[in-house]
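In what follows, a single structure is set out as structure tokens and then discussed.
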Amino acid sequence: MKYEKDAAAIIAAVGGEENISSLYHCVTRLRFGLKDNTKADQSALTAIGPVVGVNDAGSQYQVIIGNDVPLVHKAIVADLPRLASSEESAADASAGPKGGKQKLHTRFFDFISGVFAPILPAIAGAGLLKGVLALINAFGWVDPSSQTFLIFSAIADAVFFFLPIVVAVSAARKLNANPYVAASLGAVLVYPALTTMLSAGEPVALLGVTVTSVSYAYSVIPVLLGVYLMSWAERLFTKIIPSFLKLTFVPMLTLVTVVPITLVALGPLGTFVGNGVAGGINWALDNGGAPAGFVIGALLPLIIMTGMHYALVPFILQNLATLGYDKFLPLTYVQTFATAGAVFGVFLRAKNAQIKALSLSTTFTALMGVTEPALYGLALPLRRPLIASMAGAGVGGAISLGFGVQAYVLAGNGGLPGLPGLVGATFGWAILGIVLAFIVSTVVSAILGIDESILAKASQTVAANEKPAAAATATTATDAPLAPSSGELIASPMAGELIPLDDVPDKTFSQRLVGDGAAIRPTSGHVTSPVTGEVVTVFPTKHAVAIRSDQGTEVLIHIGIDTVSLQGRGFEAHVAEGDRVTIGDPLIDVDLDAVSATNDTVTVIVITNLGLRSIVPGTPGTRGNGDALMHVLSTIDAEASRKEATA
């Protein structure tokens with residue numbers, strides 16, 4: 001499997017299997033429910049190849065991956081099959097990360113995002129098809145009464161008509177209830193005979209109690225309330241019914257209790273609340289005009305980053321079902337193109353080739369509707385592009401609400417592929433808002449410029465009298481070829497033979513997906529600190545340790561290949577997270593004989609936050625603990641060293 005090693009690293013970096021309560025993913029993010037968020041190691045996570053960034057949202061620990069998030073999620077589930085169904089105890093579901101109960105609003109956002117993020121692919125796919133059908137119908141390319149068109153319309157519309165069933169299954173999984181019983185509850189709400197009876201205009205009664213005539217097709221909130229009640233009823237009946245009767249009587253009693261209450265009370269209440277909240281949101285969108293559009297648009301990049309936009313999904317769906325359009329959705333398109341413009345401005349201003357390449361690739365990704373790589377990879381770290389994206393989104397939002405732009409389907413993609421969702425009477429104004437958002441963000445980003453040193457995190461010049469003693473004792477044979485007079489020395493953590501990273505039998509390291517550096521084929525199992533600084537991470541399996549030097553360089557020492565599978569056997573750690581170490585201090589002792597019986601012992605030393613810095617490797621040969629292994633140079637240091645070497 002492509003990401004199996006990255007999956008193991010992610011599991012370890014979020015605190016290990018025992019710290020994970022639940023996991024699901026949306027379009028670009030892994031969304032972990034962790035028992036203790038403080039056990040997650042952000043620096044270790046961001047050093048893992050496919051990880052773009054991390055967002056600690058309190059109730060969720062979000063690991064941003066990008067387009068390959070389904071593959072990474074699949075690899076993690078392959079390691080931890082229990083996460084396939086997001087199994088989560090009732091205590092874990094109701095309590096937040098370690099330290100107490102979540103606040104009510106935090107639990108609400110967590111619940112809503114947890115329900116809708118997993119079902120968005122189905123909604124997005126069907127929504128995009130609805131947009132395409134509307135587009136070809138608008139151009140007169142198809143007969144809307146033809147059987148072919150009607151069949152494709154059924155494909156596009158079915159998930160929305162039966163939305164109560166889809167939402168019920170997702171909500172049950174989030175609440176740790178039986179998803180198939182929940183599906184039965186949702187199916188009752190859209191059962192054809194019941195729907196016909198409720199819409200006939202005649203009074204309907206259940207055991208003498210009036211049932212309000214409500215249509216539940218396309219609805220969301222009524223079934224959410226029903227499944228929430230069902231989760232409590234199911235737990236109650238599970239406790240009081242004998243084990244040999246649970247299989248049939250718990251589902252039966254749950255349904256005959258919850259369905260009537262839902263039809264009589266919760267369904268009408270949910271419809272009333274949904275209409276009220278949606279009405280309030282729509283009033284603001286209808287009457288706020290350009291000023292409201294500017295404010296909402298400018299704040300959207302921040303809202304998207306925190307995942308709070310999921311809270312509006314139920315009301316967007318309700319608008320689409322009842323009104324046939326929604327005015328908030330066009331603002332998400334504006335935000336997407338504004339983000340693309342902001343990082344394109346970075347491309348125009350950047351001098352460093354790596355930043356130019358990253359900004360151009362994330363521009364394309366954002367235009368395709370995935371903005372997290374641009375937001376977390378460039379806009380947030382560089383800060384000025386984030387301001388530019390907010391400015392562009394504000395201008396585009398003002399155009400959108402000022403001219404009443406409408407979206408007609410939830411395409412699930414605010415980029416170029418999702419444009420069919422905007423096709424309709426206001427399509428021209430929608431395109432104008434999107435184009436202006438991109439242009440304004442690009443111009444503002446280019447004007448503000450960027451501080452490339454933020455990404456470079458250039459290492460400070462080390463004066464000759466501040467060099468570690470290990471550098472002075474290293475022999476000429478083991479010095480780096482340029483013998484730099486600046487930069488930071490990385491000492492060898494083990495005795496053995498220095499080999500190029502290209503020769504490491506693990507593509508994660510040889511292809512430099514984690515970082516650049518060197519490798520040692522060890523002759524001794526005594527591992528010492530290669531820098532002076534702070535221990536950032538000691539992996540639970542003790543096969544790897546990460547240290548941040550006083551110069552800001554983050555060094556990962558990974559002992560052996562696939563040694564995580566040994567679960568700590570043969571390893572003894574002498575340090576813990578937060579410990580101060582100097583060059584030569586003992587970190588880990590490993591029994592090489594025991595490890596070599598099943599695994600390759602080649603040890604990798606890589607710089608995980610290289611940025612714009614470069615590695616000057618030492619020449620191949622024998623190393624002892626503390627001998628010079630490589631130098632880490634900033635771009636300026638590297639140029640100075642080359643001039644010094646050729647002088």
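The chains in the structure tokens are called A, B, ... from first to last as shown; in each chain the residues are counted from 1, and the ligands are counted from 1 in the order shown.
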
Per residue of region 292-347 of chain A within 9 Å of region 260-280 of chain A, which atom pair is closest and at what distance in Å (one decimal), using only C-alpha atoms, listed by chain and increasing number, as a Markdown table?
```
| residue | atom | partner | partner_atom | distance |
| --- | --- | --- | --- | --- |
| A:Pro314 | CA | A:Gly274 | CA | 8.2 |
| A:Phe315 | CA | A:Ala278 | CA | 5.4 |
| A:Ile316 | CA | A:Ala278 | CA | 7.9 |
| A:Gln318 | CA | A:Ala278 | CA | 7.5 |
| A:Asn319 | CA | A:Ala278 | CA | 7.2 |
```

Just C-alpha atoms for this one: save the residues we selected as a CSV table (one decimal), in the first residue's frame.
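Below you can see selection39.csv, which holds the result:
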```
chain,number,residue,atom,x,y,z
A,314,PRO,CA,-27.9,21.7,6.9
A,315,PHE,CA,-29.2,25.1,6.1
A,316,ILE,CA,-27.6,25.2,2.6
A,318,GLN,CA,-32.6,23.2,3.2
A,319,ASN,CA,-32.4,26.3,1.0
```

Every residue of region 176-371 of chain A that DSSP places in strand (DSSP E), as a list in words: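 Going through region 176-371 of chain A, the strand (DSSP E) residues come out as Ala205, Leu206, Val209 and Thr210 of chain A.
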
Exercise: Ala544 (chain A) partners within 7 Å, only C-alpha atoms, chain neighbours under 4 positions left out, as a PyMOL selection string: chain A and resi 538-539+557-559

What separation in Å, quoted to one decimal, exists between CA of Leu299 (chain A) and CA of Gly397 (chain A)? 10.1 Å

Could you check how far CA of Val211 (chain A) sits from CA of Pro251 (chain A), in Å to one decimal? 23.0 Å

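Our summary of the geometry notes that CA of Pro620 (chain A) is positioned 24.1 Å from CA of Leu587 (chain A).
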
Non-local contacts of Ala446 (chain A) (6 Å; only C-alpha atoms; under 2 positions in same chain excluded) as JSON, numbers by chain: {"A": [345, 349, 443, 444, 448, 449]}

Give the answer as one residue: which of A:Leu80, A:Ile151, A:Ile11, A:Met630 has the shortest atom-to-atom distance to Val63 (chain A), using only C-alpha atoms? A:Ile11

Would you kindly return, as a PDB file with all heavy atoms, in the first residue's frame, each protein, DNA or RNA residue with an atom no farther than 8 Å from any atom of Ala177 (chain A), considering only C-alpha atoms and excluding same-chain residues fewer than 5 positions away?
```pdb
ATOM      1  N   ALA A 172     -25.634   8.275  13.090  1.00  0.00           N
ATOM      2  CA  ALA A 172     -25.562   7.115  13.979  1.00  0.00           C
ATOM      3  C   ALA A 172     -24.113   6.700  14.213  1.00  0.00           C
ATOM      4  O   ALA A 172     -23.724   6.346  15.330  1.00  0.00           O
ATOM      5  CB  ALA A 172     -26.359   5.950  13.389  1.00  0.00           C
ATOM      6  N   ALA A 182     -30.763   3.276  12.337  1.00  0.00           N
ATOM      7  CA  ALA A 182     -30.935   4.695  12.007  1.00  0.00           C
ATOM      8  C   ALA A 182     -31.415   4.857  10.570  1.00  0.00           C
ATOM      9  O   ALA A 182     -32.270   5.711  10.284  1.00  0.00           O
ATOM     10  CB  ALA A 182     -29.616   5.436  12.214  1.00  0.00           C
ATOM     11  N   MET A 230     -32.621   8.395  19.256  1.00  0.00           N
ATOM     12  CA  MET A 230     -32.447   6.965  19.055  1.00  0.00           C
ATOM     13  C   MET A 230     -31.192   6.446  19.755  1.00  0.00           C
ATOM     14  O   MET A 230     -31.179   5.348  20.323  1.00  0.00           O
ATOM     15  CB  MET A 230     -32.363   6.661  17.558  1.00  0.00           C
ATOM     16  CG  MET A 230     -32.356   5.184  17.210  1.00  0.00           C
ATOM     17  SD  MET A 230     -31.663   4.867  15.567  1.00  0.00           S
ATOM     18  CE  MET A 230     -29.970   4.470  16.017  1.00  0.00           C
ATOM     19  N   SER A 231     -30.106   7.236  19.727  1.00  0.00           N
ATOM     20  CA  SER A 231     -28.863   6.793  20.357  1.00  0.00           C
ATOM     21  C   SER A 231     -29.045   6.587  21.856  1.00  0.00           C
ATOM     22  O   SER A 231     -28.491   5.647  22.440  1.00  0.00           O
ATOM     23  CB  SER A 231     -27.746   7.806  20.080  1.00  0.00           C
ATOM     24  OG  SER A 231     -27.978   9.040  20.742  1.00  0.00           O
ATOM     25  N   GLU A 234     -31.478   3.467  22.360  1.00  0.00           N
ATOM     26  CA  GLU A 234     -30.774   2.219  22.083  1.00  0.00           C
ATOM     27  C   GLU A 234     -29.898   1.807  23.266  1.00  0.00           C
ATOM     28  O   GLU A 234     -29.855   0.636  23.654  1.00  0.00           O
ATOM     29  CB  GLU A 234     -29.930   2.398  20.814  1.00  0.00           C
ATOM     30  CG  GLU A 234     -29.377   1.113  20.244  1.00  0.00           C
ATOM     31  CD  GLU A 234     -28.668   1.367  18.933  1.00  0.00           C
ATOM     32  OE1 GLU A 234     -27.589   2.002  18.957  1.00  0.00           O
ATOM     33  OE2 GLU A 234     -29.185   0.944  17.884  1.00  0.00           O
TER      34      GLU A 234
END
```

Tell me which of A:Pro50, A:Gly293, A:Pro417, A:Gly626 sits closest to His73 (chain A), counting only C-alpha atoms.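 For His73 (chain A), the nearest of the candidates is A:Pro50.
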
Mind checking which residues fall within 6 Å of Pro385 (chain A), counting only C-alpha atoms, ignoring those fewer than 4 positions away in the same chain, and posting them as an mmCIF file with C-alpha atoms, in the first residue's frame?
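The result, written out as out17.cif:
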```cif
data_model
loop_
_atom_site.group_PDB
_atom_site.id
_atom_site.type_symbol
_atom_site.label_atom_id
_atom_site.label_comp_id
_atom_site.auth_asym_id
_atom_site.auth_seq_id
_atom_site.Cartn_x
_atom_site.Cartn_y
_atom_site.Cartn_z
ATOM 1 C CA ALA A 342 -3.018 35.005 -3.238
ATOM 2 C CA ALA A 379 -0.789 31.657 3.092
ATOM 3 C CA SER A 445 -0.302 39.587 -2.637
#
```

Between A:Pro540, A:Gly428, A:Gly186, A:Pro505, which is the closest to Thr603 (chain A) once you count only C-alpha atoms?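 For Thr603 (chain A), the nearest of the given residues is A:Pro505.
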
Tell me, as a PDB file with N, CA and C atoms, in the first residue's frame, which residues lie within 9 Å of Met390 (chain A), counting only C-alpha atoms; anything in the same chain fewer than 3 positions away does not count.
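New file around.pdb:
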```
ATOM      1  N   GLY A 297     -17.140  37.356   3.181  1.00  0.00           N
ATOM      2  CA  GLY A 297     -16.114  36.877   2.266  1.00  0.00           C
ATOM      3  C   GLY A 297     -14.727  36.978   2.863  1.00  0.00           C
ATOM      4  N   ALA A 298     -14.431  38.106   3.510  1.00  0.00           N
ATOM      5  CA  ALA A 298     -13.103  38.301   4.099  1.00  0.00           C
ATOM      6  C   ALA A 298     -12.828  37.322   5.229  1.00  0.00           C
ATOM      7  N   LEU A 299     -13.882  36.924   5.939  1.00  0.00           N
ATOM      8  CA  LEU A 299     -13.700  35.996   7.060  1.00  0.00           C
ATOM      9  C   LEU A 299     -13.693  34.535   6.619  1.00  0.00           C
ATOM     10  N   LEU A 300     -14.133  34.266   5.404  1.00  0.00           N
ATOM     11  CA  LEU A 300     -14.264  32.874   4.970  1.00  0.00           C
ATOM     12  C   LEU A 300     -12.959  32.081   4.992  1.00  0.00           C
ATOM     13  N   PRO A 301     -11.805  32.654   4.592  1.00  0.00           N
ATOM     14  CA  PRO A 301     -10.577  31.851   4.693  1.00  0.00           C
ATOM     15  C   PRO A 301     -10.336  31.328   6.105  1.00  0.00           C
ATOM     16  N   LEU A 302     -10.642  32.159   7.112  1.00  0.00           N
ATOM     17  CA  LEU A 302     -10.463  31.727   8.497  1.00  0.00           C
ATOM     18  C   LEU A 302     -11.513  30.691   8.879  1.00  0.00           C
ATOM     19  N   GLN A 335     -14.049  32.542  -2.125  1.00  0.00           N
ATOM     20  CA  GLN A 335     -12.910  32.272  -1.239  1.00  0.00           C
ATOM     21  C   GLN A 335     -11.881  31.374  -1.912  1.00  0.00           C
ATOM     22  N   ALA A 338      -9.980  33.393  -4.472  1.00  0.00           N
ATOM     23  CA  ALA A 338      -9.155  34.391  -3.791  1.00  0.00           C
ATOM     24  C   ALA A 338      -7.889  33.752  -3.233  1.00  0.00           C
ATOM     25  N   THR A 339      -8.028  32.565  -2.673  1.00  0.00           N
ATOM     26  CA  THR A 339      -6.852  31.851  -2.162  1.00  0.00           C
ATOM     27  C   THR A 339      -5.894  31.510  -3.297  1.00  0.00           C
ATOM     28  N   ALA A 342      -4.015  34.601  -4.231  1.00  0.00           N
ATOM     29  CA  ALA A 342      -3.018  35.005  -3.238  1.00  0.00           C
ATOM     30  C   ALA A 342      -1.714  34.239  -3.416  1.00  0.00           C
ATOM     31  N   PRO A 385       0.118  36.627   2.286  1.00  0.00           N
ATOM     32  CA  PRO A 385      -0.845  36.061   1.326  1.00  0.00           C
ATOM     33  C   PRO A 385      -2.209  35.768   1.946  1.00  0.00           C
ATOM     34  N   LEU A 386      -2.248  35.459   3.242  1.00  0.00           N
ATOM     35  CA  LEU A 386      -3.531  35.241   3.908  1.00  0.00           C
ATOM     36  C   LEU A 386      -4.325  36.545   3.925  1.00  0.00           C
ATOM     37  N   ILE A 387      -3.634  37.649   4.204  1.00  0.00           N
ATOM     38  CA  ILE A 387      -4.294  38.964   4.167  1.00  0.00           C
ATOM     39  C   ILE A 387      -4.797  39.244   2.758  1.00  0.00           C
ATOM     40  N   ALA A 393     -11.299  37.867  -1.272  1.00  0.00           N
ATOM     41  CA  ALA A 393     -12.574  37.230  -0.944  1.00  0.00           C
ATOM     42  C   ALA A 393     -13.601  38.267  -0.504  1.00  0.00           C
ATOM     43  N   GLY A 394     -13.140  39.327   0.172  1.00  0.00           N
ATOM     44  CA  GLY A 394     -14.048  40.396   0.573  1.00  0.00           C
ATOM     45  C   GLY A 394     -14.640  41.112  -0.630  1.00  0.00           C
ATOM     46  N   VAL A 395     -13.799  41.454  -1.605  1.00  0.00           N
ATOM     47  CA  VAL A 395     -14.279  42.141  -2.814  1.00  0.00           C
ATOM     48  C   VAL A 395     -15.218  41.227  -3.601  1.00  0.00           C
ATOM     49  N   SER A 441      -6.777  39.470  -5.108  1.00  0.00           N
ATOM     50  CA  SER A 441      -5.857  38.724  -4.248  1.00  0.00           C
ATOM     51  C   SER A 441      -4.461  38.660  -4.852  1.00  0.00           C
TER      52      SER A 441
END
```

Could you check which of A:Ala366, A:Ala158, A:Leu30, A:Ala193 is closest to Pro118 (chain A), using only C-alpha atoms?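 Checking each of A:Ala366, A:Ala158, A:Leu30, A:Ala193 against Pro118 (chain A), counting only C-alpha atoms, the winner is A:Leu30.
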
Let me make sure I understand: among A:Phe160, A:Phe364, A:Tyr180, A:Trp429, which one has the smallest atom-to-atom distance to Val409 (chain A) if we use only C-alpha atoms?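 Of A:Phe160, A:Phe364, A:Tyr180, A:Trp429, the one nearest Val409 (chain A), counting only C-alpha atoms, is A:Phe160.
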
Pick out the closest residue to Leu323 (chain A) from this set: A:Lys356, A:Met197, A:Gln406, A:Val220. Count only C-alpha atoms.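 Once distances to Leu323 (chain A) are computed over only C-alpha atoms, the minimum belongs to A:Gln406.
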